[in-house]
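Heads up: the structure comes next, in structure tokens.
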Amino acid sequence: MKRKWLVTAVVGLVAFVSGGWLAQQAPNAEGERLRQARIFERVLNLVRDNYVDTIPEPELYRQAAYGLVNQLDDPYSALFMGDDLARADERTSGDYGGIGARIDVRNGWVTVVSTMPDTPAQRAGIQSGDRIAAVEGRSTKGWTVNQAVGVLRGEVGTPVSVRLERVGRSESIDVVLHRAKVHQRAVPRGVTIAGDIGYVSMDAVRVHSATELAVEVGHLYAEGMKGLIIDLRGNPGGIRDESVAAADLFLDPGSPILITRGRTADDDLEFVDSLPQPWPDLPIVVLVNGGSVSAAEILAGALQDNDRAVIVGQPTYGKGLVQTQFHIGRDVALRITTARWFTPSGRSIQRASVDIPHGETPDSATLPVFFSSAGRELRGGGGIIPDVVVPLDTLTDGERELAMALDPHITEYRDALAALALDTKRTGSVTDAEFVVGDKIVAELIAQMVERGVVLPDSVWSGGRDLVASHLGYEYARYLFGPSAELKRRLQEDGQVREAVELLGQSDNREELFELAGTPLPSDTQG
């Protein structure tokens, strides 16, 4: 009985003391908050009334909001207002009002590179190489790409008149286009290379990215693809849920995809595969580099941790943070970091040291060790480190010398490339997309440069001859045969793609692929 009384007394004393302490702390915390609020209000009033230049009070509040977000010292948190928000939303959705033409400036004129499927430009019959000579009666001579984009884009349904000049046609073409909602695909059309290897790139992780990826892989698989390359190089990331959905395409139900941890229960999440994969026996290589960021790293990490794909290239950027966007007004949104994310094995890929340049391989001895679902050793804290590290292609000394010599004349060089390609399109003298760039074409390019006032020593041109031939091949393929032909030529000369093709070309299944990559699956996981 005495002991029971003693315990009761002690508990009561603790409750009394702690309760009193809490009672004191609550008013103190509230008082400090009010004191700081009064300081802020006093500073704002003094600046408004006494600063040498008049600043409207709404502008002061706007600047204060921006200042608060900037003081978070977080490069990924941002406040968007007005046009900035519209541009941010466009990057996320890929949607805008326009005609659906990819353009560039060649020889001082706005020129169509290609048109997008099912857009006003394509339906109007606009072709690659067409010169947009005028928009709304205004000549485009000397316009920049940004000027042209600013005029061609606009509210959905509104008309825009365009005058076209086409190679091989003496008279111009006048057409009125009605702007439509254009979706800039995150996943361009896939292509087949090296016979039966499918190649698909994901340029960003936007709305519909997973669906676009599924469609392109499905098309290539129906055409007889035996191995798949998913290119995430240069992918700046984007929407978390889209990267999770993309991973879901290649994993079995129940496979872990992503873990997030934050301050609130809403941010403590575990994402798990929910659907059977359509292509369970398809060997996959994922290409990454220092420009593969965040949501792109989620996809690469999920496939690596689940032993579904071999990762090839260079270490990724290393951003293991989640941003949430809060809409706080009609044209105002706050995007702030709310959580950290981890791969299925528990890896945080947030770069451990700012001293390690993005894309370079960190010292693995300093990084924590994790294990894939099959028991392969993985490293965390430094981006996604590829299973097969392949350095970037580099220029020869002669190619570097030519590139430096051309740098002040890059506009003339690009114009000369386009002029030759479009002239060849007019004559129809090249009919094979895999044509070889011979010395005659290179000599014509050099002559074009001389006409433009750019004269370089013969030794400089000869030292960079292969580089010039590559550029000519890309330009001819683009304007004569379309974007897919240009892409195939570029992939043939890409060292990291060649490594992926070699791995897939020698592998009939996932087990053989990992064996060739030098990171075999333990025998008890193979089947």
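Ligands are numbered from 1 in the order shown, chains are lettered A, B, ... in the order of the structure tokens, and residues start at 1 in each chain.
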
Can you check which parts of range 88-163 of chain A lie within 12 Å of range 421-431 of chain A? Per residue, the shortest pair of atoms and distance in Å to one decimal, counting only C-alpha atoms, sorted by chain and number, as a tab-separated table.
residue	atom	partner	partner_atom	distance
A:Arg106	CA	A:Leu422	CA	10.7
A:Asn107	CA	A:Leu422	CA	11.4
A:Thr111	CA	A:Leu422	CA	10.9
A:Val112	CA	A:Leu422	CA	11.6
A:Val113	CA	A:Leu422	CA	11.4
A:Gln127	CA	A:Lys425	CA	11.7
A:Ser128	CA	A:Leu422	CA	9.6
A:Gly129	CA	A:Leu422	CA	6.7
A:Asp130	CA	A:Leu422	CA	9.4
A:Arg131	CA	A:Leu422	CA	10.6

Would you save the residues of that selection, restricted to N, CA, C and O atoms, as an mmCIF file, in the first residue's frame?
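Listed below is the output, selection14.cif:
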data_model
loop_
_atom_site.group_PDB
_atom_site.id
_atom_site.type_symbol
_atom_site.label_atom_id
_atom_site.label_comp_id
_atom_site.auth_asym_id
_atom_site.auth_seq_id
_atom_site.Cartn_x
_atom_site.Cartn_y
_atom_site.Cartn_z
ATOM 1 N N ARG A 106 17.483 28.852 -89.809
ATOM 2 C CA ARG A 106 18.490 28.460 -90.784
ATOM 3 C C ARG A 106 18.583 29.544 -91.852
ATOM 4 O O ARG A 106 17.576 29.956 -92.428
ATOM 5 N N ASN A 107 19.822 29.998 -92.103
ATOM 6 C CA ASN A 107 20.062 31.038 -93.110
ATOM 7 C C ASN A 107 19.193 32.272 -92.873
ATOM 8 O O ASN A 107 18.715 32.913 -93.818
ATOM 9 N N THR A 111 12.685 27.963 -89.901
ATOM 10 C CA THR A 111 12.568 26.765 -90.737
ATOM 11 C C THR A 111 11.976 25.620 -89.934
ATOM 12 O O THR A 111 12.325 25.422 -88.761
ATOM 13 N N VAL A 112 11.097 24.862 -90.555
ATOM 14 C CA VAL A 112 10.452 23.729 -89.889
ATOM 15 C C VAL A 112 11.413 22.546 -89.860
ATOM 16 O O VAL A 112 11.911 22.112 -90.904
ATOM 17 N N VAL A 113 11.671 22.034 -88.666
ATOM 18 C CA VAL A 113 12.483 20.826 -88.510
ATOM 19 C C VAL A 113 11.613 19.591 -88.688
ATOM 20 O O VAL A 113 11.952 18.649 -89.388
ATOM 21 N N GLN A 127 5.863 20.571 -94.190
ATOM 22 C CA GLN A 127 6.917 19.573 -94.326
ATOM 23 C C GLN A 127 8.221 20.033 -93.677
ATOM 24 O O GLN A 127 8.456 21.234 -93.511
ATOM 25 N N SER A 128 9.038 19.048 -93.339
ATOM 26 C CA SER A 128 10.375 19.343 -92.855
ATOM 27 C C SER A 128 11.135 20.113 -93.922
ATOM 28 O O SER A 128 11.117 19.755 -95.100
ATOM 29 N N GLY A 129 11.779 21.196 -93.514
ATOM 30 C CA GLY A 129 12.516 22.025 -94.458
ATOM 31 C C GLY A 129 11.733 23.218 -94.974
ATOM 32 O O GLY A 129 12.315 24.121 -95.590
ATOM 33 N N ASP A 130 10.421 23.248 -94.743
ATOM 34 C CA ASP A 130 9.633 24.410 -95.157
ATOM 35 C C ASP A 130 10.112 25.655 -94.411
ATOM 36 O O ASP A 130 10.353 25.617 -93.197
ATOM 37 N N ARG A 131 10.224 26.750 -95.156
ATOM 38 C CA ARG A 131 10.585 28.024 -94.540
ATOM 39 C C ARG A 131 9.306 28.774 -94.181
ATOM 40 O O ARG A 131 8.432 28.965 -95.040
#

Shell of 9 Å around Leu392 in chain A, only C-alpha atoms, local chain residues under 3 positions omitted, as a PyMOL selection string
chain A and resi 313-314+494-496

Mind listing the helix (DSSP H, G or I) residues of range 319-524 of chain A, per DSSP on the backbone, as a short mmCIF file (atom, residue, chain, number, x, y, z; two decimals) with N, CA and C atoms, in the first residue's frame?
data_model
loop_
_atom_site.label_atom_id
_atom_site.label_comp_id
_atom_site.auth_asym_id
_atom_site.auth_seq_id
_atom_site.Cartn_x
_atom_site.Cartn_y
_atom_site.Cartn_z
N SER A 364 33.53 4.55 -54.39
CA SER A 364 32.55 3.61 -53.84
C SER A 364 32.89 3.17 -52.43
N ALA A 365 34.17 3.27 -52.06
CA ALA A 365 34.56 2.84 -50.72
C ALA A 365 33.95 3.74 -49.64
N THR A 366 33.58 4.95 -50.03
CA THR A 366 33.01 5.89 -49.05
C THR A 366 31.49 5.84 -49.02
N ASP A 397 41.88 14.94 -81.29
CA ASP A 397 42.56 16.23 -81.26
C ASP A 397 42.19 17.06 -82.48
N GLY A 398 42.12 16.40 -83.66
CA GLY A 398 41.78 17.13 -84.88
C GLY A 398 40.35 17.64 -84.85
N GLU A 399 39.42 16.83 -84.34
CA GLU A 399 38.02 17.25 -84.25
C GLU A 399 37.86 18.39 -83.25
N ARG A 400 38.63 18.34 -82.17
CA ARG A 400 38.56 19.41 -81.18
C ARG A 400 39.09 20.72 -81.77
N GLU A 401 40.17 20.63 -82.56
CA GLU A 401 40.72 21.82 -83.18
C GLU A 401 39.71 22.45 -84.14
N LEU A 402 39.03 21.60 -84.93
CA LEU A 402 38.03 22.11 -85.85
C LEU A 402 36.86 22.74 -85.09
N ALA A 403 36.40 22.08 -84.03
CA ALA A 403 35.29 22.61 -83.25
C ALA A 403 35.62 23.98 -82.68
N MET A 404 36.84 24.14 -82.21
CA MET A 404 37.25 25.44 -81.66
C MET A 404 37.31 26.51 -82.76
N ALA A 405 37.78 26.09 -83.94
CA ALA A 405 37.87 27.05 -85.05
C ALA A 405 36.49 27.47 -85.54
N LEU A 406 35.52 26.55 -85.47
CA LEU A 406 34.17 26.84 -85.94
C LEU A 406 33.33 27.58 -84.91
N ASP A 407 33.74 27.57 -83.67
CA ASP A 407 32.92 28.13 -82.59
C ASP A 407 32.46 29.56 -82.87
N PRO A 408 33.34 30.47 -83.37
CA PRO A 408 32.86 31.83 -83.65
C PRO A 408 31.95 31.89 -84.88
N HIS A 409 31.88 30.81 -85.65
CA HIS A 409 31.13 30.82 -86.90
C HIS A 409 30.05 29.73 -86.91
N ILE A 410 29.53 29.41 -85.73
CA ILE A 410 28.61 28.28 -85.63
C ILE A 410 27.32 28.53 -86.41
N THR A 411 26.87 29.79 -86.47
CA THR A 411 25.66 30.09 -87.22
C THR A 411 25.88 29.83 -88.71
N GLU A 412 27.00 30.30 -89.26
CA GLU A 412 27.31 30.05 -90.67
C GLU A 412 27.44 28.56 -90.95
N TYR A 413 28.02 27.83 -90.01
CA TYR A 413 28.21 26.39 -90.20
C TYR A 413 26.86 25.68 -90.25
N ARG A 414 25.98 25.99 -89.32
CA ARG A 414 24.67 25.34 -89.31
C ARG A 414 23.87 25.72 -90.56
N ASP A 415 23.99 26.97 -90.98
CA ASP A 415 23.29 27.40 -92.19
C ASP A 415 23.80 26.65 -93.42
N ALA A 416 25.10 26.44 -93.49
CA ALA A 416 25.69 25.73 -94.63
C ALA A 416 25.22 24.28 -94.65
N LEU A 417 25.17 23.64 -93.49
CA LEU A 417 24.67 22.26 -93.41
C LEU A 417 23.24 22.18 -93.93
N ALA A 418 22.39 23.09 -93.46
CA ALA A 418 20.99 23.07 -93.89
C ALA A 418 20.85 23.38 -95.37
N ALA A 419 21.64 24.32 -95.87
CA ALA A 419 21.55 24.69 -97.29
C ALA A 419 21.87 23.49 -98.18
N LEU A 420 22.91 22.75 -97.83
CA LEU A 420 23.28 21.57 -98.62
C LEU A 420 22.18 20.51 -98.56
N ALA A 421 21.65 20.28 -97.35
CA ALA A 421 20.62 19.25 -97.20
C ALA A 421 19.37 19.62 -98.00
N LEU A 422 18.94 20.87 -97.91
CA LEU A 422 17.74 21.28 -98.62
C LEU A 422 17.96 21.31 -100.13
N ASP A 423 19.17 21.65 -100.56
CA ASP A 423 19.46 21.60 -102.00
C ASP A 423 19.41 20.17 -102.50
N THR A 424 19.92 19.24 -101.70
CA THR A 424 19.86 17.83 -102.07
C THR A 424 18.42 17.32 -102.07
N LYS A 425 17.60 17.83 -101.16
CA LYS A 425 16.19 17.45 -101.15
C LYS A 425 15.52 17.89 -102.45
N ARG A 426 15.90 19.06 -102.95
CA ARG A 426 15.30 19.57 -104.19
C ARG A 426 15.70 18.71 -105.39
N THR A 427 16.95 18.30 -105.43
CA THR A 427 17.42 17.51 -106.58
C THR A 427 17.03 16.05 -106.49
N ASP A 439 33.61 12.34 -99.75
CA ASP A 439 34.49 13.52 -99.77
C ASP A 439 33.88 14.66 -100.58
N LYS A 440 33.08 14.32 -101.60
CA LYS A 440 32.49 15.37 -102.44
C LYS A 440 31.55 16.25 -101.63
N ILE A 441 30.72 15.61 -100.79
CA ILE A 441 29.78 16.39 -99.98
C ILE A 441 30.53 17.25 -98.96
N VAL A 442 31.60 16.68 -98.38
CA VAL A 442 32.39 17.45 -97.42
C VAL A 442 33.01 18.66 -98.12
N ALA A 443 33.50 18.46 -99.34
CA ALA A 443 34.10 19.56 -100.09
C ALA A 443 33.06 20.63 -100.39
N GLU A 444 31.82 20.23 -100.67
CA GLU A 444 30.76 21.20 -100.92
C GLU A 444 30.46 22.02 -99.66
N LEU A 445 30.53 21.36 -98.51
CA LEU A 445 30.32 22.08 -97.24
C LEU A 445 31.41 23.12 -97.04
N ILE A 446 32.66 22.75 -97.32
CA ILE A 446 33.77 23.70 -97.16
C ILE A 446 33.59 24.89 -98.11
N ALA A 447 33.14 24.60 -99.33
CA ALA A 447 32.90 25.67 -100.30
C ALA A 447 31.79 26.60 -99.82
N GLN A 448 30.75 26.03 -99.23
CA GLN A 448 29.67 26.84 -98.66
C GLN A 448 30.20 27.77 -97.58
N MET A 449 31.10 27.28 -96.77
CA MET A 449 31.67 28.10 -95.70
C MET A 449 32.50 29.24 -96.27
N VAL A 450 33.26 28.96 -97.33
CA VAL A 450 34.05 30.01 -97.97
C VAL A 450 33.13 31.09 -98.51
N GLU A 451 32.02 30.70 -99.13
CA GLU A 451 31.05 31.67 -99.64
C GLU A 451 30.51 32.55 -98.53
N ASP A 458 43.26 23.95 -94.77
CA ASP A 458 42.89 22.61 -95.20
C ASP A 458 43.20 21.57 -94.12
N SER A 459 44.30 21.80 -93.37
CA SER A 459 44.70 20.84 -92.34
C SER A 459 43.67 20.76 -91.22
N VAL A 460 43.01 21.89 -90.93
CA VAL A 460 41.98 21.90 -89.89
C VAL A 460 40.75 21.13 -90.36
N TRP A 461 40.34 21.37 -91.60
CA TRP A 461 39.20 20.63 -92.14
C TRP A 461 39.49 19.13 -92.19
N SER A 462 40.65 18.76 -92.65
CA SER A 462 40.97 17.33 -92.77
C SER A 462 41.05 16.66 -91.41
N GLY A 463 41.54 17.38 -90.41
CA GLY A 463 41.65 16.80 -89.07
C GLY A 463 40.29 16.53 -88.45
N ARG A 465 37.50 15.89 -90.34
CA ARG A 465 36.67 15.43 -91.44
C ARG A 465 35.54 14.52 -90.97
N ASP A 466 35.81 13.58 -90.05
CA ASP A 466 34.78 12.64 -89.59
C ASP A 466 33.68 13.36 -88.82
N LEU A 467 34.05 14.39 -88.09
CA LEU A 467 33.05 15.17 -87.36
C LEU A 467 32.12 15.88 -88.34
N VAL A 468 32.69 16.47 -89.37
CA VAL A 468 31.88 17.15 -90.39
C VAL A 468 30.96 16.15 -91.08
N ALA A 469 31.49 14.96 -91.40
CA ALA A 469 30.68 13.93 -92.06
C ALA A 469 29.50 13.53 -91.18
N SER A 470 29.72 13.42 -89.88
CA SER A 470 28.62 13.08 -88.97
C SER A 470 27.55 14.16 -89.00
N HIS A 471 27.96 15.41 -88.91
CA HIS A 471 26.99 16.52 -88.91
C HIS A 471 26.20 16.56 -90.22
N LEU A 472 26.88 16.34 -91.33
CA LEU A 472 26.18 16.30 -92.61
C LEU A 472 25.18 15.15 -92.66
N GLY A 473 25.59 14.00 -92.14
CA GLY A 473 24.70 12.85 -92.13
C GLY A 473 23.44 13.12 -91.33
N TYR A 474 23.59 13.77 -90.16
CA TYR A 474 22.41 14.08 -89.34
C TYR A 474 21.49 15.05 -90.08
N GLU A 475 22.07 16.10 -90.67
CA GLU A 475 21.26 17.14 -91.31
C GLU A 475 20.53 16.59 -92.54
N TYR A 476 21.24 15.81 -93.34
CA TYR A 476 20.60 15.22 -94.52
C TYR A 476 19.47 14.29 -94.10
N ALA A 477 19.75 13.44 -93.12
CA ALA A 477 18.73 12.49 -92.67
C ALA A 477 17.49 13.21 -92.15
N ARG A 478 17.69 14.30 -91.42
CA ARG A 478 16.56 15.03 -90.84
C ARG A 478 15.66 15.61 -91.93
N TYR A 479 16.26 16.33 -92.88
CA TYR A 479 15.45 17.04 -93.87
C TYR A 479 15.01 16.16 -95.03
N LEU A 480 15.72 15.06 -95.29
CA LEU A 480 15.35 14.21 -96.41
C LEU A 480 14.46 13.04 -95.99
N PHE A 481 14.69 12.50 -94.77
CA PHE A 481 13.99 11.27 -94.40
C PHE A 481 13.25 11.36 -93.07
N PRO A 483 12.76 12.70 -88.68
CA PRO A 483 13.43 12.59 -87.38
C PRO A 483 13.89 11.18 -87.03
N SER A 484 13.13 10.15 -87.40
CA SER A 484 13.53 8.79 -87.05
C SER A 484 14.83 8.40 -87.73
N ALA A 485 14.98 8.81 -89.00
CA ALA A 485 16.22 8.51 -89.72
C ALA A 485 17.41 9.23 -89.09
N GLU A 486 17.19 10.48 -88.70
CA GLU A 486 18.26 11.21 -88.03
C GLU A 486 18.64 10.54 -86.71
N LEU A 487 17.62 10.12 -85.94
CA LEU A 487 17.87 9.47 -84.67
C LEU A 487 18.70 8.20 -84.86
N LYS A 488 18.35 7.39 -85.84
CA LYS A 488 19.10 6.15 -86.06
C LYS A 488 20.56 6.42 -86.38
N ARG A 489 20.84 7.45 -87.18
CA ARG A 489 22.23 7.78 -87.49
C ARG A 489 22.98 8.22 -86.23
N ARG A 490 22.33 9.00 -85.41
CA ARG A 490 22.98 9.44 -84.17
C ARG A 490 23.26 8.25 -83.25
N LEU A 491 22.32 7.33 -83.15
CA LEU A 491 22.49 6.18 -82.26
C LEU A 491 23.63 5.28 -82.73
N GLN A 492 23.82 5.17 -84.04
CA GLN A 492 24.89 4.34 -84.57
C GLN A 492 26.26 4.84 -84.13
N GLY A 495 28.58 5.83 -78.36
CA GLY A 495 29.33 4.76 -77.71
C GLY A 495 28.54 4.05 -76.62
N GLN A 496 27.76 4.77 -75.85
CA GLN A 496 26.98 4.14 -74.79
C GLN A 496 25.86 3.29 -75.37
N VAL A 497 25.27 3.74 -76.46
CA VAL A 497 24.25 2.93 -77.14
C VAL A 497 24.88 1.67 -77.72
N ARG A 498 26.05 1.82 -78.30
CA ARG A 498 26.74 0.64 -78.86
C ARG A 498 27.01 -0.40 -77.79
N GLU A 499 27.38 0.04 -76.60
CA GLU A 499 27.62 -0.89 -75.49
C GLU A 499 26.32 -1.61 -75.13
N ALA A 500 25.22 -0.88 -75.08
CA ALA A 500 23.92 -1.49 -74.77
C ALA A 500 23.52 -2.49 -75.84
N VAL A 501 23.73 -2.13 -77.11
CA VAL A 501 23.38 -3.03 -78.21
C VAL A 501 24.21 -4.30 -78.14
N GLU A 502 25.49 -4.16 -77.82
CA GLU A 502 26.35 -5.34 -77.72
C GLU A 502 25.89 -6.28 -76.62
N LEU A 503 25.52 -5.72 -75.48
CA LEU A 503 25.04 -6.55 -74.38
C LEU A 503 23.75 -7.27 -74.75
N LEU A 504 22.82 -6.53 -75.31
CA LEU A 504 21.52 -7.12 -75.65
C LEU A 504 21.64 -8.09 -76.82
N GLY A 505 22.54 -7.80 -77.75
CA GLY A 505 22.70 -8.65 -78.91
C GLY A 505 23.23 -10.03 -78.58
N ARG A 510 17.28 -12.44 -69.34
CA ARG A 510 17.77 -11.53 -68.30
C ARG A 510 19.03 -12.06 -67.63
N GLU A 511 19.09 -13.36 -67.38
CA GLU A 511 20.23 -13.94 -66.69
C GLU A 511 21.52 -13.76 -67.50
N GLU A 512 21.42 -14.02 -68.81
CA GLU A 512 22.60 -13.85 -69.66
C GLU A 512 23.02 -12.39 -69.74
N LEU A 513 22.05 -11.49 -69.73
CA LEU A 513 22.36 -10.07 -69.79
C LEU A 513 23.17 -9.64 -68.56
N PHE A 514 22.74 -10.04 -67.38
CA PHE A 514 23.47 -9.66 -66.16
C PHE A 514 24.84 -10.33 -66.12
N GLU A 515 24.94 -11.54 -66.63
CA GLU A 515 26.23 -12.24 -66.68
C GLU A 515 27.21 -11.47 -67.56
N LEU A 516 26.76 -11.05 -68.75
CA LEU A 516 27.62 -10.31 -69.66
C LEU A 516 28.02 -8.95 -69.08
N SER A 523 22.84 -17.83 -58.36
CA SER A 523 22.25 -18.98 -59.05
C SER A 523 20.86 -19.33 -58.53
N ASP A 524 20.60 -19.11 -57.24
CA ASP A 524 19.30 -19.51 -56.70
C ASP A 524 18.17 -18.55 -57.09
#

Rounded to one decimal place, report the CA of Val145 in chain A-CA of Val162 in chain A distance in Å.
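Going from CA of Val145 in chain A over to CA of Val162 in chain A, I get 15.4 Å.
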
Sorted per-residue table, range 155-237 of chain A near range 85-91 of chain A, closest atoms and distance, 12 Å, only C-alpha atoms, as CSV:
residue,atom,partner,partner_atom,distance
A:Lys181,CA,A:Glu90,CA,11.4
A:Val182,CA,A:Glu90,CA,10.6
A:His183,CA,A:Glu90,CA,9.5
A:Gln184,CA,A:Arg91,CA,9.2
A:Arg185,CA,A:Arg91,CA,11.0
A:Ala186,CA,A:Arg91,CA,10.2
A:Asp203,CA,A:Arg91,CA,11.5
A:Ala204,CA,A:Arg91,CA,9.0
A:Val205,CA,A:Arg91,CA,9.6
A:Arg206,CA,A:Arg91,CA,7.6
A:Val207,CA,A:Arg91,CA,9.7
A:Pro236,CA,A:Arg91,CA,10.6
A:Gly237,CA,A:Arg91,CA,10.6

Could you work out how far CA of Leu367 in chain A lies from CA of Arg351 in chain A, giving the answer in Å with one decimal?
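Here the two named atoms are 10.1 Å from each other.
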
Quick one: residues within 9 Å of Tyr317 in chain A, only C-alpha atoms, excluding same-chain residues fewer than 4 positions away - as JSON, numbers by chain?
{"A": [289, 290, 291, 292, 293, 294, 297, 349, 350, 351, 357, 358, 359, 382, 383, 384]}

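In this model, the gap between CA of Ala433 in chain A and CA of Ser209 in chain A comes to 29.3 Å.
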
May I have all residues of range 110-242 of chain A that DSSP, computed from the backbone, assigns to strand (DSSP E or B), given as JSON, numbers by chain?
{"A": [110, 111, 112, 113, 114, 115, 131, 132, 133, 134, 135, 138, 139, 159, 160, 161, 162, 163, 164, 165, 173, 174, 175, 176, 177, 178, 180, 181, 182, 183, 191, 192, 193, 197, 198, 199, 200, 201, 205, 227, 228, 229, 230, 231, 238]}

Using only C-alpha atoms, determine which residues lie at most 10 Å from range 156-160 of chain A, disregarding the query and same-chain residues fewer than 4 positions distant; provide the list as a list in words.
Tyr96, Gly97, Gly98, Ile99, Val135, Glu136, Gly137, Val151, Leu152, Val175, Val176, Leu177, His178, Arg179, Ala180, Lys181 and Val182 of chain A
